[in-house]
>>> print(open('my_file-v7.txt').read())   # compact mmCIF, C-alpha atoms and all ligand atoms
# COMPACT_ATOMS: atom_id res chain seq x y z
CA MET J 1 5.37 -51.91 -37.56
CA ALA J 2 1.84 -52.10 -36.21
CA ASN J 3 -0.38 -49.14 -37.10
CA THR J 4 -0.78 -48.10 -33.47
CA THR J 5 2.94 -48.12 -32.84
CA MET J 6 3.59 -46.17 -36.03
CA ALA J 7 0.97 -43.62 -35.03
CA ALA J 8 2.53 -43.26 -31.61
CA ALA J 9 5.95 -42.89 -33.20
CA GLN J 10 4.64 -39.91 -35.16
CA ILE J 11 3.02 -38.34 -32.11
CA PHE J 12 6.17 -38.65 -30.07
CA GLY J 13 8.33 -37.18 -32.83
CA ILE J 14 10.11 -40.34 -33.99
CA SER J 15 11.00 -39.77 -37.62
CA ARG J 16 9.42 -41.54 -40.56
CA MET J 17 12.78 -43.07 -41.49
CA ARG J 18 13.48 -44.33 -38.02
CA GLN J 19 10.02 -45.84 -37.76
CA HIS J 20 11.17 -48.45 -40.27
CA GLN J 21 14.33 -49.21 -38.37
CA ALA J 22 13.25 -49.95 -34.82
CA ALA J 23 9.87 -50.22 -33.19
CA PRO J 24 9.85 -48.45 -29.82
CA THR J 25 8.24 -50.18 -26.88
CA LEU J 26 5.22 -48.26 -25.66
CA ILE J 27 4.04 -48.76 -22.12
CA MET J 28 0.50 -47.71 -21.31
CA CYS J 29 0.45 -46.31 -17.79
CA SER J 30 -3.30 -45.87 -17.30
CA ASN J 31 -5.62 -48.77 -16.65
CA THR J 32 -8.84 -46.73 -16.52
CA ALA J 33 -11.29 -46.73 -19.43
CA LYS J 34 -10.98 -42.93 -19.70
CA GLY J 35 -7.19 -43.15 -19.71
CA ALA J 36 -7.31 -45.78 -22.45
CA GLU J 37 -9.68 -43.61 -24.48
CA GLU J 38 -7.40 -40.58 -24.14
CA PHE J 39 -4.35 -42.63 -25.06
CA SER J 40 -6.16 -44.01 -28.08
CA ARG J 41 -7.10 -40.48 -29.22
CA LEU J 42 -3.53 -39.30 -28.71
CA ILE J 43 -2.04 -41.95 -30.94
CA ASN J 44 -4.81 -42.17 -33.53
CA THR J 45 -5.37 -38.49 -34.26
CA GLY J 46 -3.62 -36.56 -36.99
CA CYS J 47 -4.35 -33.14 -38.45
CA LYS J 48 -4.38 -31.62 -41.90
CA LEU J 49 -4.82 -28.24 -43.56
CA VAL J 50 -8.15 -28.13 -45.39
CA GLY J 51 -8.79 -24.46 -46.09
CA CYS J 52 -7.06 -21.12 -46.42
CA GLY J 53 -7.97 -17.50 -46.98
CA SER J 54 -6.51 -14.01 -46.88
CA ALA J 55 -7.41 -10.34 -46.96
CA VAL J 56 -5.44 -7.13 -47.54
CA PRO J 57 -6.26 -3.43 -47.12
CA SER J 58 -7.37 -1.46 -50.17
CA LEU J 59 -4.63 1.21 -50.04
CA ARG J 60 -1.56 0.24 -52.08
CA VAL J 61 1.60 2.22 -51.33
CA THR J 62 4.38 2.01 -53.93
CA ASN J 63 8.07 2.68 -53.43
CA ASN J 64 7.61 5.87 -55.43
CA ASP J 65 4.87 6.94 -53.00
CA LEU J 66 7.35 6.52 -50.12
CA ALA J 67 10.00 8.48 -52.01
CA LYS J 68 7.66 11.50 -51.89
CA PHE J 69 8.17 11.95 -48.14
CA ILE J 70 11.39 10.13 -47.18
CA ASP J 71 14.84 10.14 -48.76
CA THR J 72 14.63 6.88 -50.71
CA ASN J 73 13.89 5.58 -54.18
CA ASP J 74 12.36 2.60 -55.94
CA GLU J 75 15.73 1.31 -57.14
CA TRP J 76 17.24 1.17 -53.60
CA ILE J 77 14.20 -0.51 -52.05
CA SER J 78 13.63 -3.07 -54.78
CA THR J 79 17.32 -3.99 -55.07
CA ARG J 80 17.88 -4.36 -51.31
CA THR J 81 14.54 -5.97 -50.42
CA GLY J 82 12.62 -7.08 -53.53
CA ILE J 83 9.66 -5.03 -52.27
CA ARG J 84 7.76 -2.80 -54.72
CA ASN J 85 4.35 -2.34 -53.04
CA ARG J 86 2.72 -2.81 -49.68
CA ARG J 87 -0.88 -2.50 -48.44
CA VAL J 88 -1.64 -0.19 -45.51
CA LEU J 89 -4.82 0.09 -43.41
CA SER J 90 -6.60 3.37 -44.03
CA GLY J 91 -9.92 5.09 -43.38
CA LYS J 92 -12.34 2.89 -41.49
CA GLU J 93 -10.45 -0.36 -42.19
CA ASN J 94 -9.22 -2.32 -39.19
CA LEU J 95 -7.16 -5.44 -38.62
CA THR J 96 -9.91 -7.51 -37.03
CA ASP J 97 -12.10 -7.12 -40.13
CA LEU J 98 -9.24 -8.36 -42.31
CA ALA J 99 -8.78 -11.33 -39.98
CA ILE J 100 -12.51 -12.11 -40.11
CA GLU J 101 -12.52 -11.97 -43.92
CA ALA J 102 -9.50 -14.28 -44.14
CA ALA J 103 -11.08 -16.72 -41.66
CA GLN J 104 -14.41 -16.73 -43.54
CA LYS J 105 -12.62 -17.58 -46.80
CA ALA J 106 -10.71 -20.41 -45.10
CA LEU J 107 -13.97 -21.85 -43.72
CA GLU J 108 -15.65 -21.59 -47.13
CA MET J 109 -12.79 -23.41 -48.83
CA ALA J 110 -12.82 -26.08 -46.13
CA GLU J 111 -16.64 -26.32 -46.33
CA VAL J 112 -16.80 -26.11 -42.55
CA ASP J 113 -19.71 -24.37 -40.86
CA PRO J 114 -18.68 -21.72 -38.28
CA LYS J 115 -20.72 -23.61 -35.67
CA ASP J 116 -18.30 -26.54 -36.04
CA VAL J 117 -15.20 -24.46 -35.23
CA ASP J 118 -13.96 -25.29 -31.76
CA LEU J 119 -10.82 -23.17 -31.42
CA ILE J 120 -9.64 -19.86 -32.92
CA LEU J 121 -6.01 -18.79 -32.57
CA MET J 122 -5.32 -15.20 -33.62
CA CYS J 123 -1.59 -14.72 -34.14
CA SER J 124 -0.80 -11.03 -34.04
CA SER J 125 1.48 -8.45 -32.44
CA SER J 126 -0.52 -5.41 -33.51
CA GLY J 127 -4.16 -6.19 -32.80
CA ASP J 128 -6.99 -3.68 -32.52
CA ASP J 129 -7.29 -4.41 -28.78
CA ARG J 130 -4.32 -5.22 -26.55
CA PHE J 131 -6.52 -7.76 -24.71
CA GLY J 132 -6.82 -9.74 -27.93
CA SER J 133 -9.11 -10.00 -30.95
CA ALA J 134 -9.79 -13.73 -31.28
CA PRO J 135 -13.11 -13.63 -29.37
CA VAL J 136 -14.31 -10.83 -31.69
CA ILE J 137 -13.50 -13.04 -34.68
CA GLN J 138 -15.43 -15.87 -33.01
CA LYS J 139 -18.51 -13.64 -32.60
CA ALA J 140 -18.31 -12.19 -36.12
CA LEU J 141 -18.02 -15.64 -37.72
CA GLY J 142 -21.16 -16.76 -35.91
CA CYS J 143 -19.58 -19.62 -33.96
CA LYS J 144 -22.58 -20.67 -31.90
CA HIS J 145 -21.13 -22.56 -28.93
CA ASN J 146 -18.62 -20.00 -27.62
CA PRO J 147 -15.56 -22.00 -28.67
CA LEU J 148 -12.22 -21.09 -27.11
CA ALA J 149 -10.58 -18.15 -28.90
CA PHE J 150 -7.40 -16.37 -27.87
CA ASP J 151 -4.40 -14.48 -29.23
CA ILE J 152 -0.77 -15.55 -29.66
CA THR J 153 1.95 -12.88 -29.79
CA ALA J 154 5.14 -14.00 -31.50
CA ALA J 155 5.72 -11.43 -34.26
CA CYS J 156 6.72 -12.95 -37.60
CA SER J 157 6.91 -16.50 -36.18
CA GLY J 158 3.36 -16.19 -34.83
CA PHE J 159 1.57 -18.08 -37.58
CA LEU J 160 3.80 -21.17 -37.40
CA LEU J 161 3.59 -21.19 -33.60
CA GLY J 162 -0.20 -21.00 -34.05
CA LEU J 163 -0.05 -23.95 -36.44
CA PHE J 164 1.99 -25.93 -33.93
CA SER J 165 -0.44 -25.00 -31.14
CA ALA J 166 -3.37 -26.11 -33.32
CA SER J 167 -1.73 -29.52 -33.81
CA CYS J 168 -1.16 -29.86 -30.04
CA TYR J 169 -4.77 -28.96 -29.24
CA ILE J 170 -6.09 -31.38 -31.85
CA LYS J 171 -3.82 -34.27 -30.94
CA ALA J 172 -4.02 -33.94 -27.17
CA GLY J 173 -7.09 -31.87 -26.45
CA GLY J 174 -9.79 -33.40 -28.62
CA PHE J 175 -10.40 -30.27 -30.73
CA LYS J 176 -11.56 -30.95 -34.31
CA ASN J 177 -11.64 -27.72 -36.33
CA VAL J 178 -9.06 -25.07 -35.44
CA LEU J 179 -8.81 -21.74 -37.23
CA VAL J 180 -5.29 -20.30 -37.20
CA VAL J 181 -5.27 -16.65 -38.25
CA GLY J 182 -2.10 -14.61 -38.80
CA ALA J 183 -2.83 -10.87 -38.98
CA ASP J 184 -0.66 -7.82 -38.46
CA ALA J 185 -0.70 -4.09 -39.06
CA VAL J 186 2.93 -3.16 -38.45
CA SER J 187 2.20 0.12 -40.28
CA ARG J 188 0.72 1.25 -36.95
CA PHE J 189 4.02 1.30 -35.14
CA VAL J 190 6.72 1.89 -37.71
CA ASP J 191 8.31 5.31 -37.75
CA TRP J 192 7.30 6.60 -41.18
CA THR J 193 10.27 8.97 -41.12
CA ASP J 194 12.79 6.11 -40.65
CA ARG J 195 13.76 5.00 -44.15
CA GLY J 196 15.71 2.05 -42.74
CA SER J 197 12.58 0.29 -41.47
CA CYS J 198 9.31 1.79 -42.79
CA ILE J 199 9.98 0.66 -46.37
CA LEU J 200 9.78 -3.00 -45.30
CA PHE J 201 6.33 -3.43 -43.82
CA GLY J 202 2.71 -3.80 -44.88
CA ASP J 203 -0.60 -4.93 -43.38
CA ALA J 204 -2.56 -8.12 -44.10
CA ALA J 205 -4.33 -11.18 -42.71
CA GLY J 206 -4.21 -14.86 -43.65
CA ALA J 207 -5.89 -17.92 -42.18
CA VAL J 208 -5.94 -21.70 -42.39
CA LEU J 209 -8.39 -24.27 -41.09
CA VAL J 210 -6.62 -27.19 -39.43
CA GLN J 211 -8.80 -30.25 -39.06
CA ALA J 212 -8.51 -33.44 -37.02
CA CYS J 213 -8.17 -36.59 -39.12
CA ASP J 214 -7.14 -40.19 -38.86
CA ILE J 215 -3.42 -40.57 -38.13
CA GLY J 216 -2.96 -42.20 -41.53
CA GLU J 217 -3.92 -38.89 -43.21
CA ASP J 218 -1.77 -36.74 -40.90
CA GLY J 219 -0.43 -33.76 -42.84
CA LEU J 220 1.67 -31.96 -40.22
CA PHE J 221 4.95 -33.84 -40.40
CA GLY J 222 7.49 -31.99 -38.30
CA PHE J 223 8.23 -28.76 -36.44
CA ASP J 224 11.34 -27.01 -35.16
CA LEU J 225 10.79 -24.13 -32.73
CA HIS J 226 13.19 -21.67 -31.01
CA SER J 227 13.47 -18.40 -29.08
CA ASP J 228 16.47 -16.30 -28.07
CA GLY J 229 15.76 -13.40 -25.72
CA ASP J 230 19.38 -12.30 -26.00
CA GLY J 231 18.72 -11.08 -29.54
CA LYS J 232 15.61 -9.15 -28.58
CA ARG J 233 17.49 -5.84 -28.63
CA HIS J 234 17.76 -6.07 -32.43
CA LEU J 235 14.02 -5.65 -33.01
CA ILE J 236 11.83 -3.98 -30.40
CA SER J 237 8.75 -1.86 -29.84
CA THR J 238 8.72 -1.39 -26.09
CA PHE J 239 6.28 0.02 -23.55
CA LYS J 240 7.35 3.43 -22.28
CA GLU J 241 5.96 6.10 -20.01
CA ASN J 242 5.01 9.42 -21.50
CA GLU J 243 7.70 11.92 -20.40
CA THR J 244 5.47 14.99 -20.65
CA ASP J 245 2.65 13.68 -18.49
CA ASP J 246 3.83 13.93 -14.87
CA ALA J 247 0.63 13.63 -12.82
CA SER J 248 2.49 11.99 -9.90
CA SER J 249 4.57 15.12 -9.25
CA GLU J 250 1.48 16.79 -7.72
CA ASN J 251 1.75 14.40 -4.78
CA PRO J 252 5.38 14.43 -3.55
CA SER J 253 4.82 11.54 -1.10
CA MET J 254 3.90 9.17 -3.95
CA THR J 255 6.41 10.02 -6.63
CA SER J 256 5.72 6.94 -8.74
CA PHE J 257 1.95 6.81 -8.38
CA PRO J 258 -0.35 7.10 -10.23
CA PRO J 259 1.61 5.79 -13.23
CA LYS J 260 2.20 8.20 -16.10
CA SER J 261 0.25 7.69 -19.29
CA SER J 262 2.14 5.36 -21.58
CA SER J 263 2.45 4.03 -25.07
CA TYR J 264 4.60 1.69 -27.13
CA SER J 265 7.66 3.06 -28.91
CA TYR J 266 8.05 2.88 -32.67
CA LEU J 267 9.56 -0.31 -34.04
CA GLN J 268 13.35 -0.07 -33.71
CA MET J 269 15.40 -2.47 -35.76
CA ASN J 270 19.02 -3.34 -36.42
CA GLY J 271 18.41 -4.50 -39.99
CA ARG J 272 21.86 -5.97 -40.57
CA GLU J 273 21.72 -8.11 -37.43
CA ILE J 274 18.22 -9.36 -38.27
CA PHE J 275 19.39 -10.18 -41.78
CA LYS J 276 22.41 -12.16 -40.53
CA PHE J 277 20.28 -13.91 -37.89
CA ALA J 278 17.72 -14.99 -40.50
CA VAL J 279 20.13 -16.42 -43.05
CA ARG J 280 22.01 -18.25 -40.26
CA VAL J 281 19.15 -19.86 -38.30
CA VAL J 282 16.47 -20.48 -40.92
CA PRO J 283 18.31 -23.09 -43.04
CA GLN J 284 19.36 -24.94 -39.85
CA SER J 285 15.81 -24.87 -38.56
CA ILE J 286 14.27 -26.14 -41.80
CA GLU J 287 16.83 -28.93 -41.93
CA ALA J 288 15.97 -29.87 -38.33
CA ALA J 289 12.23 -29.88 -39.11
CA LEU J 290 12.81 -32.01 -42.22
CA GLU J 291 14.86 -34.42 -40.13
CA LYS J 292 12.08 -34.66 -37.53
CA ALA J 293 9.58 -35.27 -40.33
CA GLY J 294 11.74 -38.07 -41.73
CA LEU J 295 12.12 -36.07 -44.95
CA ALA J 296 15.72 -34.85 -44.75
CA GLY J 297 17.01 -33.44 -48.04
CA SER J 298 15.97 -30.61 -50.32
CA ASN J 299 14.17 -32.89 -52.79
CA ASN J 300 11.72 -34.28 -50.26
CA PHE J 301 9.38 -31.29 -50.36
CA ASP J 302 7.68 -29.39 -53.18
CA TRP J 303 7.74 -25.79 -51.99
CA LEU J 304 9.88 -23.55 -49.80
CA LEU J 305 7.67 -20.95 -48.14
CA LEU J 306 9.49 -18.49 -45.88
CA HIS J 307 8.27 -15.52 -43.91
CA GLN J 308 8.22 -12.79 -46.55
CA ALA J 309 10.67 -10.31 -45.00
CA ASN J 310 13.12 -9.60 -47.79
CA GLN J 311 13.74 -11.30 -51.16
CA ARG J 312 17.47 -11.40 -50.41
CA ILE J 313 16.82 -13.40 -47.23
CA ILE J 314 14.51 -15.76 -49.15
CA ASP J 315 17.12 -16.21 -51.90
CA GLY J 316 19.95 -16.69 -49.38
CA VAL J 317 18.07 -19.43 -47.52
CA ALA J 318 17.01 -21.13 -50.77
CA THR J 319 20.63 -21.16 -51.97
CA ARG J 320 21.87 -22.68 -48.69
CA LEU J 321 19.19 -25.36 -48.89
CA GLU J 322 19.86 -25.89 -52.62
CA VAL J 323 16.24 -25.24 -53.55
CA PRO J 324 15.84 -23.81 -57.09
CA SER J 325 13.86 -20.58 -57.45
CA GLU J 326 11.02 -22.38 -59.30
CA ARG J 327 10.19 -24.12 -55.99
CA VAL J 328 10.25 -20.97 -53.87
CA ILE J 329 6.98 -19.19 -53.07
CA SER J 330 7.37 -15.41 -52.88
CA ASN J 331 4.98 -12.48 -52.96
CA VAL J 332 7.11 -10.03 -50.96
CA ALA J 333 7.23 -7.72 -53.99
CA ASN J 334 3.52 -7.01 -53.69
CA TYR J 335 2.96 -6.87 -49.93
CA GLY J 336 6.28 -6.34 -48.14
CA ASN J 337 6.70 -7.85 -44.70
CA THR J 338 3.25 -8.50 -43.23
CA SER J 339 4.63 -10.20 -40.09
CA ALA J 340 2.35 -13.03 -38.85
CA ALA J 341 0.19 -12.74 -41.98
CA SER J 342 2.94 -13.31 -44.50
CA ILE J 343 3.03 -17.13 -44.59
CA PRO J 344 -0.75 -17.76 -44.74
CA LEU J 345 -1.14 -14.88 -47.25
CA ALA J 346 1.51 -16.35 -49.56
CA LEU J 347 0.10 -19.86 -49.07
CA ASP J 348 -3.41 -18.68 -49.93
CA GLU J 349 -2.24 -16.97 -53.12
CA ALA J 350 -0.25 -20.04 -54.15
CA VAL J 351 -3.19 -22.39 -53.49
CA ARG J 352 -5.79 -20.21 -55.24
CA GLY J 353 -3.36 -19.54 -58.10
CA GLY J 354 -2.99 -23.30 -58.66
CA LYS J 355 0.71 -23.45 -57.77
CA VAL J 356 0.28 -25.47 -54.60
CA GLN J 357 -1.81 -28.58 -55.28
CA PRO J 358 -3.40 -31.04 -52.85
CA GLY J 359 -0.72 -33.47 -51.68
CA HIS J 360 2.17 -31.05 -52.12
CA VAL J 361 4.61 -30.87 -49.21
CA ILE J 362 5.68 -27.43 -48.00
CA ALA J 363 8.75 -26.49 -45.93
CA ALA J 364 7.88 -23.24 -44.15
CA ALA J 365 9.81 -21.02 -41.74
CA GLY J 366 9.01 -17.88 -39.78
CA PHE J 367 11.51 -15.67 -37.98
CA GLY J 368 11.62 -12.29 -36.33
CA ALA J 369 11.21 -10.27 -33.16
CA GLY J 370 11.68 -12.03 -29.85
CA LEU J 371 13.86 -13.30 -31.31
CA THR J 372 11.80 -16.30 -32.36
CA TRP J 373 12.06 -18.69 -35.26
CA ALA J 374 10.02 -21.71 -36.26
CA SER J 375 9.83 -24.20 -39.11
CA ALA J 376 7.08 -26.58 -40.16
CA ILE J 377 6.91 -29.33 -42.74
CA PHE J 378 3.32 -29.91 -43.81
CA ARG J 379 1.18 -31.22 -46.62
CA TRP J 380 -1.46 -29.07 -48.27
CA GLY J 381 -4.90 -30.77 -48.31
N1 LIG C 401 16.68 4.29 -49.10
C1 LIG C 401 17.91 4.72 -49.45
N2 LIG C 401 19.01 4.50 -48.70
C2 LIG C 401 18.82 3.83 -47.54
C3 LIG C 401 17.57 3.37 -47.11
C4 LIG C 401 16.47 3.62 -47.95
N3 LIG C 401 15.22 3.20 -47.66
N4 LIG C 401 17.70 2.74 -45.93
C5 LIG C 401 19.00 2.79 -45.60
N5 LIG C 401 19.69 3.47 -46.58
C6 LIG C 401 21.12 3.75 -46.64
C7 LIG C 401 21.76 3.78 -45.27
O1 LIG C 401 21.63 5.05 -44.69
C8 LIG C 401 23.17 3.42 -45.58
O2 LIG C 401 23.80 4.56 -46.10
P1 LIG C 401 25.35 4.86 -45.76
O3 LIG C 401 26.11 3.72 -46.37
O4 LIG C 401 25.59 6.17 -46.42
O5 LIG C 401 25.44 4.88 -44.27
C9 LIG C 401 23.04 2.45 -46.75
O6 LIG C 401 21.75 2.67 -47.32
C10 LIG C 401 23.15 0.99 -46.32
O7 LIG C 401 22.28 0.77 -45.21
P2 LIG C 401 22.14 -0.64 -44.52
O8 LIG C 401 21.19 -0.52 -43.37
O9 LIG C 401 23.51 -1.17 -44.25
O10 LIG C 401 21.49 -1.46 -45.71
P3 LIG C 401 21.25 -3.02 -45.81
O11 LIG C 401 21.85 -3.53 -47.05
O12 LIG C 401 21.58 -3.74 -44.53
O13 LIG C 401 19.68 -3.10 -46.01
C11 LIG C 401 17.67 -3.62 -44.82
C12 LIG C 401 18.82 -2.64 -45.00
C13 LIG C 401 16.88 -3.68 -46.12
C14 LIG C 401 16.79 -3.14 -43.69
C15 LIG C 401 18.25 -5.04 -44.52
O14 LIG C 401 19.22 -4.94 -43.50
C16 LIG C 401 17.18 -6.01 -44.10
O15 LIG C 401 16.27 -6.30 -44.85
N6 LIG C 401 17.30 -6.59 -42.89
C17 LIG C 401 16.32 -7.52 -42.38
C18 LIG C 401 15.22 -6.75 -41.70
C19 LIG C 401 13.99 -7.57 -41.47
O16 LIG C 401 13.68 -8.46 -42.21
N7 LIG C 401 13.26 -7.21 -40.41
C20 LIG C 401 12.01 -7.79 -40.11
C21 LIG C 401 12.13 -9.04 -39.31
S1 LIG C 401 10.61 -9.76 -39.09
C22 LIG C 401 9.77 -9.15 -37.71
O17 LIG C 401 9.68 -9.78 -36.71
C23 LIG C 401 9.09 -7.83 -37.76
>>> encode(input="my_file-v7.txt", output="structure tokens")
Amino acid sequence: MANTTMAAAQIFGISRMRQHQAAPTLIMCSNTAKGAEEFSRLINTGCKLVGCGSAVPSLRVTNNDLAKFIDTNDEWISTRTGIRNRRVLSGKENLTDLAIEAAQKALEMAEVDPKDVDLILMCSSSGDDRFGSAPVIQKALGCKHNPLAFDITAACSGFLLGLFSASCYIKAGGFKNVLVVGADAVSRFVDWTDRGSCILFGDAAGAVLVQACDIGEDGLFGFDLHSDGDGKRHLISTFKENETDDASSENPSMTSFPPKSSSYSYLQMNGREIFKFAVRVVPQSIEAALEKAGLAGSNNFDWLLLHQANQRIIDGVATRLEVPSERVISNVANYGNTSAASIPLALDEAVRGGKVQPGHVIAAAGFGAGLTWASAIFRWG
């Protein structure tokens, strides 16, 4: 198959295996020079991960620390979840600073100057400002040319949806260096008196630098992305009006104006349903992403890297996919569930610890509130 056709096959999601079977006919619709240039960029551009970084708060909270103020114990938490410690923001620490630190480390590893970054995607559901934090990261990094920076809210699937978005921007939009940051501080909205949920979560940030490259070096092989609003009720933190503040009652002709002060409720979770959802959809999704990548089968990737929610979920998915534990990346014991940060945090530790080497292929999946779930098959470096 000609290089151009093979490149186009990858862009349009035709699997690596099928590329060898039948060459699709591509019809170029534009006859303008600009159209030809755009088409050429679309089919000749790939993207690869060239840097990663992470940052965690200084305060470590052990299971025994939790047992001092809620009715739980280390044995229950570690047996049911695999979690032993988590990090929690404290004092003057904030989430944006963690995100900035993670992004700086990713840029350093990639040897990319902040002035060459042309898109920042901050994936978070618990940012310091509800209008988003990505532009603050852009300013703090010293990106000179005001590159586009915005936030993506998709809970624990956020990072992989950010990675997918980065690939779309690079392949179709002409962006070259895209920072994808996953950062969450779920500690801010868990009910610390609810032993069924507060034991699970921690705070952290992780980042990767995704860079445009020639299609022959493309390192993002396949994605599988889903949402199901019907399951939303199993994991929510909803906006609600403050019952005690009834300013509108002073004016009987406008009973619903001005609005009452409001806030978001604590995270409310049906743990069993989320557990069942995860072990059902994640293996299917990874298999679909592998299929799209032309890499179907559990021996066609080096590492399984799941959202770090619960060691039992990780083990259950690995068993269904027949991936041995030596090929499973897990750091849930040390950090708990850090939502959108968990995949880039675990990736960063595995890369810096020498586990994940350049050229290794990773099958990753995120899942959580929304409900959303997403898988990606990608090469490191
Ligand atoms: N310590 C001691 N006992 C506890 C605790 C605790 N921390 N929490 C619950 N229990 C008790 C319950 O009260 C119950 O007691 P009972 O039998 O007397 O009624 C018993 O333990 C069993 O409770 P379950 O909730 O059935 O326990 P389960 O085995 O389902 O484990 C858990 C609960 C760990 C929450 C599990 O369901 C889970 O991990 N689910 C997935 C949750 C998840 O990953 N959520 C995040 C998704 S990602 C995102 O988007 C944020």
>>> residues_near_ligand(input="my_file-v7.txt", ligand="ligand LIG 401 (chain C)", cutoff="9 Å", atoms="only C-alpha atoms and all ligand atoms", output="ChimeraX atom specification")
/J:66-67,70-77,79-81,154-157,186,194-201,235-236,267,269-278,307-313,337-340,366-372
>>> residues_around(input="my_file-v7.txt", residues="Glu93 (chain J)", least_positions_apart="6", cutoff="12 Å", atoms="all atoms listed in the file", output="ChimeraX atom specification")
/J:55-59,87,99,101,128,185,203-204
>>> residues_around(input="my_file-v7.txt", residues="Ile286 (chain J)", least_positions_apart="6", cutoff="9 Å", atoms="only C-alpha atoms", output="NGL selection string")
:J and (223-224 or 321 or 363-365 or 374-377)
>>> closest_residue(input="my_file-v7.txt", among="J:Glu322, J:Asp218, J:Glu111, J:Asp65", to="Thr45 (chain J)", atoms="only C-alpha atoms")
J:Asp218
>>> atom_distance(input="my_file-v7.txt", atom1="CA of Val178 (chain J)", atom2="CA of Ala140 (chain J)")
15.9 Å
>>> atom_distance(input="my_file-v7.txt", atom1="CA of Asp151 (chain J)", atom2="CA of Lys139 (chain J)")
14.5 Å
>>> atom_distance(input="my_file-v7.txt", atom1="CA of Asp315 (chain J)", atom2="CA of Thr153 (chain J)")
27.0 Å
